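A.B. asks: One structure follows; several queries about it will come next.
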Amino acid sequence: MYEGVHARPDGESTVARLAATAADYGFEGIVVRNHGDAQTSYDSGGIADEYGVDVVEGIEIRSDDVGQASGLVGNYRSKRTVVCVHGGSLNRFAVEQSQVDVLAHPMRNGDVNHVLAKAAVENDVRLEFNFARVLRADGGPRVKAIRRLRKLRELVEQYDAPYVVSADPRSHLQLRSPRELAAVGSVLGFGPEEVTDGLREWKRLVDRNRSRRSDSVVAPGVRIERDVDTDWEESK
Amino acid sequence: MKHLPKHLRPRWRYLAIGLESWPNAEIDRRSFQRELWYAAQNLLGDVGSAELDASVLHFEFESGIGEAVVRTRRGEVDRTRAVLAVIDAVDGADVGLRVRGTSGTVRACEEKYIRRPREDFEERNVVFGNADRRAICRNDRVDVELPDGFVGATALDIRDN
């Protein structure tokens, strides 16, 4: 199970601290998805070795302009393992771009309907269930967030759309363990495996993108595989 | 008042909780208990809150880390877990919080999950982001003090001077 985090300067903790706490909490890895204008540099391999969790280089693209966002997606697709888009006004754009991996918090300042849900299925763009406001807001804003999560859940279930789940932590203190998130999910009406599955989806996504970016992939759908016969000849 | 016969007494579960905050945070049992009740009421309403009947038994918090034992009704552990997860701050101090485990008796809970010998912490001057900073270090976790608040870091992010 992975978690998508925001590290300093997008949050209050460094990538290393988030990784260390995520390891304590039982996550297998973190996806660093700092916004495009708040990037950080870190040694993902070194941190991964030290704390025993996978550290994935991602980005969350934020822009008011669809044209600019499109350029940024094209730009970062080859540089980062996971490309997220900051939801809201970019919802429509994101679900129609097969280069986008995750549409982050689509219900915050934005909306998803059946058209967008179907487009997300078609282009394999994951919709994010963002628990930030459930965990850290209260009163009206939280009620609104819960109501919108429910709407998103109903759409996702209806169209079997791909999704991820995240607590959207901006510091190591905002991380919550998978079991806690699942418990919150069940209070909100999520099925017993739904939240856990959304946390696992990050890992599936990372594995897929890594294999796509590896040298053996020539073009979409074309992959160089090792020849079994030659291997056998060599080993003799 | 006479004790209830044993088979009529409520069945409890005890949750061991690990707490974390910034080094300057001051949290006591009373404020944590109040936050727990608020969280339960806000998330589950009065009815749900009464059903959990959650209360803080053991509480210890010092220089940014702490542990607690929370008692709840048997069968309500998951909902209590959800309530604990939505506690994001106590008395205005951000807290990180995790359920370490659950037990059927206080004693088992404390023996298994509450490790009272505390980890030592020390104040040091470190180099973080090319500037000299004061920091509080616990093992390899380092909270660096910046003018606008603390930053969570680890030994990998700093250099000693």
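By convention in this document, the chains of the structure tokens carry letters A, B, ... by their order, each chain's residues are numbered from 1, and ligands are numbered from 1 in the order they are shown.
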Using only C-alpha atoms and a distance of at most 7 Å, pull out the residues of chain A that contact chain B, as JSON, numbers by chain.
C.D. replies: {"A": [12, 13, 14, 16, 17, 135, 136, 173, 174, 175, 176, 177, 180, 183, 184, 187]}
A.B. asks: Stretch 120-131 of chain B: which residues within 9 Å, counting only C-alpha atoms, same-chain residues fewer than 6 positions away excluded, as JSON, numbers by chain?
C.D. replies: {"B": [63, 137, 138, 139, 144, 157, 158, 159, 160, 161]}
A.B. asks: Restricted to C-alpha atoms, what would the selected residues look like written as a compact mmCIF listing (two decimals), in the first residue's frame?
C.D. replies:
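The result, stored in part_23.txt:
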# COMPACT_ATOMS: atom_id res chain seq x y z
CA SER B 63 8.58 16.66 24.27
CA CYS B 137 16.71 15.05 17.67
CA ARG B 138 15.24 11.72 18.70
CA ASN B 139 17.06 8.74 17.25
CA VAL B 144 14.27 21.58 12.90
CA ASP B 157 18.47 15.90 5.76
CA ILE B 158 20.94 17.55 8.11
CA ARG B 159 24.60 17.97 8.72
CA ASP B 160 26.06 18.47 12.17
CA ASN B 161 28.32 21.36 12.90
A.B. asks: Where in chain B does DSSP assign strand (DSSP E), given as a PyMOL selection string?
C.D. replies: chain B and resi 12-21+55-62+65-73+89-90+93-103+121-128+131-138+141-146+149-154+159-160
A.B. asks: Can you tell me which residues surround B:Thr105 at a distance of at most 7 Å, considering only C-alpha atoms, apart from same-chain residues fewer than 3 positions away, and format the answer as JSON, numbers by chain?
C.D. replies: {"B": [13, 14, 108, 109]}
A.B. asks: Based on the selection just made, write all heavy atoms of those residues as a PDB file, in the first residue's frame.
C.D. replies:
ATOM      1  N   ARG B  13     -12.738  -3.118  25.169  1.00  0.00           N
ATOM      2  CA  ARG B  13     -11.493  -3.347  24.438  1.00  0.00           C
ATOM      3  C   ARG B  13     -10.583  -2.160  24.725  1.00  0.00           C
ATOM      4  O   ARG B  13     -11.055  -1.037  24.888  1.00  0.00           O
ATOM      5  CB  ARG B  13     -11.738  -3.443  22.929  1.00  0.00           C
ATOM      6  CG  ARG B  13     -12.237  -4.778  22.495  1.00  0.00           C
ATOM      7  CD  ARG B  13     -11.113  -5.808  22.564  1.00  0.00           C
ATOM      8  NE  ARG B  13     -11.574  -7.138  22.223  1.00  0.00           N
ATOM      9  CZ  ARG B  13     -12.127  -7.984  23.081  1.00  0.00           C
ATOM     10  NH1 ARG B  13     -12.318  -7.630  24.343  1.00  0.00           N
ATOM     11  NH2 ARG B  13     -12.494  -9.173  22.694  1.00  0.00           N
ATOM     12  N   TYR B  14      -9.303  -2.413  24.788  1.00  0.00           N
ATOM     13  CA  TYR B  14      -8.343  -1.355  25.095  1.00  0.00           C
ATOM     14  C   TYR B  14      -7.422  -1.131  23.904  1.00  0.00           C
ATOM     15  O   TYR B  14      -6.810  -2.083  23.414  1.00  0.00           O
ATOM     16  CB  TYR B  14      -7.544  -1.724  26.343  1.00  0.00           C
ATOM     17  CG  TYR B  14      -8.456  -1.948  27.530  1.00  0.00           C
ATOM     18  CD1 TYR B  14      -9.028  -3.195  27.777  1.00  0.00           C
ATOM     19  CD2 TYR B  14      -8.808  -0.883  28.360  1.00  0.00           C
ATOM     20  CE1 TYR B  14      -9.899  -3.390  28.832  1.00  0.00           C
ATOM     21  CE2 TYR B  14      -9.679  -1.074  29.421  1.00  0.00           C
ATOM     22  CZ  TYR B  14     -10.224  -2.334  29.652  1.00  0.00           C
ATOM     23  OH  TYR B  14     -11.092  -2.520  30.698  1.00  0.00           O
ATOM     24  N   ALA B 108      -2.719  -6.399  29.464  1.00  0.00           N
ATOM     25  CA  ALA B 108      -2.152  -6.955  28.244  1.00  0.00           C
ATOM     26  C   ALA B 108      -1.807  -5.831  27.279  1.00  0.00           C
ATOM     27  O   ALA B 108      -0.777  -5.853  26.614  1.00  0.00           O
ATOM     28  CB  ALA B 108      -3.142  -7.901  27.584  1.00  0.00           C
ATOM     29  N   CYS B 109      -2.683  -4.833  27.233  1.00  0.00           N
ATOM     30  CA  CYS B 109      -2.493  -3.713  26.336  1.00  0.00           C
ATOM     31  C   CYS B 109      -1.202  -2.978  26.669  1.00  0.00           C
ATOM     32  O   CYS B 109      -0.387  -2.678  25.791  1.00  0.00           O
ATOM     33  CB  CYS B 109      -3.691  -2.783  26.457  1.00  0.00           C
ATOM     34  SG  CYS B 109      -3.739  -1.494  25.250  1.00  0.00           S
TER      35      CYS B 109
END
A.B. asks: From the options A:Ala182, A:Ala117, A:Leu199, A:Ala20, which residue's atoms come nearest to A:Glu154, counting only C-alpha atoms?
C.D. replies: A:Ala117
A.B. asks: Counting only C-alpha atoms, which of A:Glu3, A:Asp160, A:Asp168, A:Asp101 gets nearest to A:Asn130?
C.D. replies: A:Asp168
A.B. asks: Using DSSP on the backbone, list every residue of chain A that comes out as helix (DSSP H, G or I), and give them as number ranges by chain.
C.D. replies: A: 15-24, 44-51, 66-77, 91-95, 114-123, 132-136, 140-159, 172-174, 178-188, 194-213, 228-235
A.B. asks: Got a sec: who's within 10 Å of A:Phe93, counting only C-alpha atoms, leaving out chain neighbours fewer than 5 positions off, as a PyMOL selection string?
C.D. replies: chain A and resi 66-67+69-70+85+87+100+103+116
A.B. asks: Could you save the residues just selected, with C-alpha atoms, as a PDB file, in the first residue's frame?
C.D. replies:
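Output below, filename out03.pdb:
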ATOM      1  CA  VAL A  66      -5.535  24.026 -19.954  1.00  0.00           C
ATOM      2  CA  GLY A  67      -2.952  24.729 -22.652  1.00  0.00           C
ATOM      3  CA  ALA A  69      -1.305  22.128 -18.150  1.00  0.00           C
ATOM      4  CA  SER A  70      -1.157  20.104 -21.340  1.00  0.00           C
ATOM      5  CA  VAL A  85      -3.277  16.692 -12.066  1.00  0.00           C
ATOM      6  CA  GLY A  87      -8.360  18.689  -9.684  1.00  0.00           C
ATOM      7  CA  VAL A 100      -2.360  11.522 -16.817  1.00  0.00           C
ATOM      8  CA  LEU A 103      -6.795  13.233 -11.081  1.00  0.00           C
ATOM      9  CA  LEU A 116     -16.163  12.562 -16.773  1.00  0.00           C
TER      10      LEU A 116
END
A.B. asks: What does the distance from atom CA of A:Phe27 to atom CA of A:Ser171 come to in Å, to one decimal?
C.D. replies: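 Computed distance, atom CA of A:Phe27 to atom CA of A:Ser171, equals 15.3 Å.
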A.B. asks: Return the single residue from A:Ala22, A:Val102, A:Val53, A:Val32 that is closest to A:Asp10, with distances computed using only C-alpha atoms.
C.D. replies: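 Of the candidates, the smallest distance to A:Asp10 is held by A:Val32.
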